Structure formats: C-alpha cells, structure tokens
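Report on the structure given below.
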Amino acid sequence: MQKDREGCSLGLVPMILLEALVLLCAGLAFVAGIRGTIVAVFMLSILNWMMHDSAVFWRWEIPLIIGAVLGIGVLFGLNRKAGRSNFTTGFVGGIISLVVFAAFITPILAVVIWLLIFGTGLIPAPKKGQVAWGLAPSAWRLLLGVAFIIYGNFLAF
C-alpha cells in the first residue's frame, strides 16, 4: 500500500476503514485515559508501519512517540492533580450516559431524561479551582483524541 506520485492510491472502502481506525484511536484516548492512549499510539504505529517504507517510517514514528510520552505525562499529572474526585467520576459517567441515551432515544428526550437521572454529576463543586482541575483530565483526553485524528490522517493519506 504505497502512495504514488498522484496522491493516495487507496480505494474508498480502505480509506473508510482507515478513518474508522483513526476514530477508534481517538475514542480510546478519550474513554480509557492513559491505557487507551498507549493502545492508540500502538495502533497508529502499526498504521505508520503499513503505510510507509523504512526510510519514511521513522520520520513519522519519532514525533508520534515523543508526543505520546508528553501527552501521557501531562495526563498523568492532571489525573494526579484532579485526585480522581467524585466530580470527575460524575462528569464522565454523566457524559457516557448521555451518549447511550442519545443513541436510542430522540435527542431532546434523551437530554431531559439524562438531566433528571444522571445530570447530578455535572453540578459543580463550590470551588471553581476544584471544578477546573476536575475537568482538566477530560479536556486533555479530548485534545489527545483530536491530535490522534489529525496525525492519523496524515499517516494514512
């Protein structure tokens, strides 16, 4: 699967499957935290190995590894600072329940049910600093997921 001079030589179905793989990497980074980030980097490394020869492989792999180490380090520090408080657990549980409800129920009804049943996890603590540090790991996971999508698209195409 090498590129030609005209651009990407893949068909539609392989391109869709590669994009699904990249989105899976982003989802793993957001949902599974540090472990998911490690698995996502491993999957992107396999994608890099499949799409590039040995000369180009290391040009893409070294920045991926450096970015992964820095990203995991920041995520570890933010998780430690947040202290895995009840606020973070309630926030992540509330977001996951919203996604599950929205998949099976109309969105407006899903938001109403979610607010009535699971929305209590989003009630902020009295201190703004605690809220900010409680949301920081989730925001960093989201940023890592977006970075994986962008980097994975550069790797694949």
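So you can find residues: chains in the structure tokens are A, B, ... in the order shown, residues in each start at 1, and ligands are numbered from 1 in order.
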message: Just want the 8 Å neighbourhood of region 60-68 of chain A, counted on only C-alpha atoms, with same-chain residues fewer than 4 positions away dropped. Output as a ChimeraX atom specification.
response: /A:37-38,41,45,48,56,72,155
Could you please take those selected residues and save N, CA and C atoms as a short mmCIF file (atom, residue, chain, number, x, y, z; two decimals), in the first residue's frame?
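Below is the file that was written, again_0.cif:
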```cif
data_model
loop_
_atom_site.label_atom_id
_atom_site.label_comp_id
_atom_site.auth_asym_id
_atom_site.auth_seq_id
_atom_site.Cartn_x
_atom_site.Cartn_y
_atom_site.Cartn_z
N THR A 37 -4.60 5.63 25.62
CA THR A 37 -3.63 6.39 24.85
C THR A 37 -2.47 5.50 24.41
N ILE A 38 -2.03 4.63 25.28
CA ILE A 38 -0.95 3.69 24.92
C ILE A 38 -1.39 2.78 23.79
N VAL A 41 -1.60 4.79 20.50
CA VAL A 41 -0.28 5.03 19.91
C VAL A 41 0.24 3.77 19.24
N SER A 45 1.08 3.39 15.34
CA SER A 45 2.40 2.90 14.91
C SER A 45 2.25 1.79 13.88
N ASN A 48 1.31 3.43 10.69
CA ASN A 48 2.50 4.04 10.11
C ASN A 48 3.37 2.98 9.43
N VAL A 56 10.85 6.44 5.57
CA VAL A 56 9.86 7.44 5.96
C VAL A 56 9.23 7.07 7.31
N ILE A 72 0.97 11.51 27.64
CA ILE A 72 0.70 10.62 28.78
C ILE A 72 1.22 11.24 30.06
N LEU A 155 -0.83 10.22 8.59
CA LEU A 155 -0.15 8.94 8.40
C LEU A 155 -0.78 8.12 7.27
#
```
Write out as a compact mmCIF listing (two decimals) with C-alpha atoms, in the first residue's frame which residues come within 12 Å of Leu24 (chain A) when counting only C-alpha atoms, dropping same-chain ones fewer than 5 positions away.
```txt
# COMPACT_ATOMS: atom_id res chain seq x y z
CA LEU A 17 -11.69 1.60 7.29
CA LEU A 18 -8.53 3.59 7.97
CA GLU A 19 -10.62 6.57 9.11
CA ALA A 29 -7.69 8.09 24.26
CA PHE A 30 -10.85 9.81 25.50
CA VAL A 31 -12.61 6.90 27.17
CA ALA A 32 -9.75 4.78 28.53
CA GLY A 36 -6.26 3.87 25.94
CA THR A 37 -3.63 6.39 24.85
CA VAL A 39 -3.12 1.36 22.82
CA ALA A 40 -3.97 4.22 20.42
CA VAL A 41 -0.28 5.03 19.91
CA MET A 43 -2.38 1.24 16.68
CA LEU A 44 -1.10 4.41 14.98
CA GLY A 145 -8.16 12.37 20.67
CA VAL A 146 -8.29 15.26 18.21
CA PHE A 148 -4.72 11.38 17.09
CA ILE A 149 -7.33 12.02 14.41
CA GLY A 152 -3.57 9.52 11.90
```
- prompt: Can you list every residue in region 1-53 of chain A that DSSP puts in alpha helix (DSSP H), as a ChimeraX atom specification?
  reply: /A:12-51
Dump of N, CA and C atoms for the selected residues, as a CSV table (one decimal), in the first residue's frame:
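New file again02.csv:
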```csv
chain,number,residue,atom,x,y,z
A,12,LEU,N,-12.1,3.5,-1.9
A,12,LEU,CA,-13.0,4.2,-0.9
A,12,LEU,C,-13.1,3.3,0.3
A,13,VAL,N,-13.3,2.0,0.2
A,13,VAL,CA,-13.5,1.2,1.4
A,13,VAL,C,-12.3,1.2,2.3
A,14,PRO,N,-11.1,1.0,1.8
A,14,PRO,CA,-9.9,1.0,2.7
A,14,PRO,C,-9.7,2.4,3.3
A,15,MET,N,-10.1,3.5,2.6
A,15,MET,CA,-10.0,4.8,3.2
A,15,MET,C,-11.0,4.9,4.4
A,16,ILE,N,-12.2,4.4,4.2
A,16,ILE,CA,-13.2,4.5,5.3
A,16,ILE,C,-12.7,3.6,6.5
A,17,LEU,N,-12.2,2.5,6.2
A,17,LEU,CA,-11.7,1.6,7.3
A,17,LEU,C,-10.5,2.2,8.0
A,18,LEU,N,-9.6,2.9,7.3
A,18,LEU,CA,-8.5,3.6,8.0
A,18,LEU,C,-9.0,4.8,8.8
A,19,GLU,N,-10.0,5.5,8.3
A,19,GLU,CA,-10.6,6.6,9.1
A,19,GLU,C,-11.3,6.0,10.4
A,20,ALA,N,-12.0,4.9,10.2
A,20,ALA,CA,-12.6,4.3,11.4
A,20,ALA,C,-11.5,3.9,12.4
A,21,LEU,N,-10.4,3.4,12.0
A,21,LEU,CA,-9.3,3.1,12.9
A,21,LEU,C,-8.8,4.3,13.6
A,22,VAL,N,-8.6,5.4,12.9
A,22,VAL,CA,-8.2,6.6,13.5
A,22,VAL,C,-9.2,7.2,14.5
A,23,LEU,N,-10.5,7.1,14.2
A,23,LEU,CA,-11.5,7.5,15.1
A,23,LEU,C,-11.5,6.6,16.4
A,24,LEU,N,-11.2,5.3,16.2
A,24,LEU,CA,-11.2,4.3,17.3
A,24,LEU,C,-10.0,4.7,18.2
A,25,CYS,N,-8.9,5.2,17.6
A,25,CYS,CA,-7.7,5.6,18.4
A,25,CYS,C,-8.1,6.9,19.3
A,26,ALA,N,-8.9,7.8,18.7
A,26,ALA,CA,-9.3,9.0,19.4
A,26,ALA,C,-10.3,8.6,20.5
A,27,GLY,N,-11.2,7.6,20.2
A,27,GLY,CA,-12.1,7.2,21.3
A,27,GLY,C,-11.4,6.5,22.4
A,28,LEU,N,-10.4,5.7,22.1
A,28,LEU,CA,-9.7,5.0,23.2
A,28,LEU,C,-8.9,6.0,24.1
A,29,ALA,N,-8.4,7.1,23.5
A,29,ALA,CA,-7.7,8.1,24.3
A,29,ALA,C,-8.7,8.8,25.2
A,30,PHE,N,-9.9,9.1,24.7
A,30,PHE,CA,-10.9,9.8,25.5
A,30,PHE,C,-11.5,8.9,26.6
A,31,VAL,N,-11.9,7.7,26.2
A,31,VAL,CA,-12.6,6.9,27.2
A,31,VAL,C,-11.7,6.2,28.1
A,32,ALA,N,-10.6,5.6,27.7
A,32,ALA,CA,-9.7,4.8,28.5
A,32,ALA,C,-8.6,5.5,29.2
A,33,GLY,N,-8.4,6.8,28.9
A,33,GLY,CA,-7.3,7.5,29.6
A,33,GLY,C,-5.9,7.1,29.2
A,34,ILE,N,-5.0,6.8,30.2
A,34,ILE,CA,-3.6,6.5,29.9
A,34,ILE,C,-3.5,5.2,29.1
A,35,ARG,N,-4.2,4.2,29.6
A,35,ARG,CA,-4.1,2.9,28.9
A,35,ARG,C,-4.6,3.0,27.5
A,36,GLY,N,-5.7,3.7,27.3
A,36,GLY,CA,-6.3,3.9,25.9
A,36,GLY,C,-5.3,4.7,25.0
A,37,THR,N,-4.6,5.6,25.6
A,37,THR,CA,-3.6,6.4,24.9
A,37,THR,C,-2.5,5.5,24.4
A,38,ILE,N,-2.0,4.6,25.3
A,38,ILE,CA,-1.0,3.7,24.9
A,38,ILE,C,-1.4,2.8,23.8
A,39,VAL,N,-2.6,2.2,23.9
A,39,VAL,CA,-3.1,1.4,22.8
A,39,VAL,C,-3.3,2.1,21.5
A,40,ALA,N,-3.8,3.4,21.6
A,40,ALA,CA,-4.0,4.2,20.4
A,40,ALA,C,-2.6,4.5,19.7
A,41,VAL,N,-1.6,4.8,20.5
A,41,VAL,CA,-0.3,5.0,19.9
A,41,VAL,C,0.2,3.8,19.2
A,42,PHE,N,0.0,2.6,19.9
A,42,PHE,CA,0.4,1.4,19.3
A,42,PHE,C,-0.3,1.1,17.9
A,43,MET,N,-1.6,1.4,17.9
A,43,MET,CA,-2.4,1.2,16.7
A,43,MET,C,-1.9,2.2,15.6
A,44,LEU,N,-1.6,3.5,16.0
A,44,LEU,CA,-1.1,4.4,15.0
A,44,LEU,C,0.3,4.0,14.5
A,45,SER,N,1.1,3.4,15.3
A,45,SER,CA,2.4,2.9,14.9
A,45,SER,C,2.2,1.8,13.9
A,46,ILE,N,1.3,0.9,14.1
A,46,ILE,CA,1.0,-0.1,13.1
A,46,ILE,C,0.6,0.5,11.8
A,47,LEU,N,-0.3,1.5,11.9
A,47,LEU,CA,-0.8,2.2,10.7
A,47,LEU,C,0.4,2.8,9.9
A,48,ASN,N,1.3,3.4,10.7
A,48,ASN,CA,2.5,4.0,10.1
A,48,ASN,C,3.4,3.0,9.4
A,49,TRP,N,3.5,1.8,10.1
A,49,TRP,CA,4.3,0.7,9.5
A,49,TRP,C,3.7,0.2,8.2
A,50,MET,N,2.4,0.1,8.2
A,50,MET,CA,1.7,-0.4,7.0
A,50,MET,C,1.8,0.6,5.8
A,51,MET,N,1.8,1.9,6.1
A,51,MET,CA,1.7,2.9,5.0
A,51,MET,C,3.0,3.4,4.5
```
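In this structure, CA of Gly134 (chain A) sits 20.1 Å away from CA of Leu70 (chain A).
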- request: Can you work out the spacing between CA of Trp133 (chain A) and CA of Ala82 (chain A) in Å, to one decimal?
  value: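 The value is 5.2 Å.
Residues in contact range of region 73-78 of chain A, defined as at most 7 Å between only C-alpha atoms, with sequence neighbours fewer than 3 positions away removed, read Val69, Leu70, Lys81, Ala82, Ala136, Pro137 and Trp140 of chain A.
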Emit the selected residues as an mmCIF file, in the first residue's frame, including N, CA and C atoms.
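The new file result_16.cif reads:
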```cif
data_model
loop_
_atom_site.group_PDB
_atom_site.id
_atom_site.type_symbol
_atom_site.label_atom_id
_atom_site.label_comp_id
_atom_site.auth_asym_id
_atom_site.auth_seq_id
_atom_site.Cartn_x
_atom_site.Cartn_y
_atom_site.Cartn_z
ATOM 1 N N VAL A 69 4.560 10.297 24.731
ATOM 2 C CA VAL A 69 5.182 10.355 26.061
ATOM 3 C C VAL A 69 4.809 11.657 26.764
ATOM 4 N N LEU A 70 4.878 12.767 26.042
ATOM 5 C CA LEU A 70 4.492 14.047 26.643
ATOM 6 C C LEU A 70 3.004 14.071 26.998
ATOM 7 N N LYS A 81 -3.440 15.599 39.891
ATOM 8 C CA LYS A 81 -3.899 16.873 40.451
ATOM 9 C C LYS A 81 -5.405 16.853 40.711
ATOM 10 N N ALA A 82 -6.146 16.248 39.796
ATOM 11 C CA ALA A 82 -7.599 16.169 39.982
ATOM 12 C C ALA A 82 -7.954 15.257 41.139
ATOM 13 N N ALA A 136 -10.063 19.158 33.810
ATOM 14 C CA ALA A 136 -8.816 19.200 33.040
ATOM 15 C C ALA A 136 -8.434 17.852 32.426
ATOM 16 N N PRO A 137 -8.520 16.723 33.154
ATOM 17 C CA PRO A 137 -8.173 15.456 32.502
ATOM 18 C C PRO A 137 -9.085 15.118 31.319
ATOM 19 N N TRP A 140 -8.064 17.298 28.414
ATOM 20 C CA TRP A 140 -6.809 16.839 27.824
ATOM 21 C C TRP A 140 -7.025 15.571 27.012
#
```
- prompt: What is the CA of His52 (chain A)-CA of Gly11 (chain A) distance in Å, reported with one decimal?
  reply: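 So the answer is 17.1 Å.
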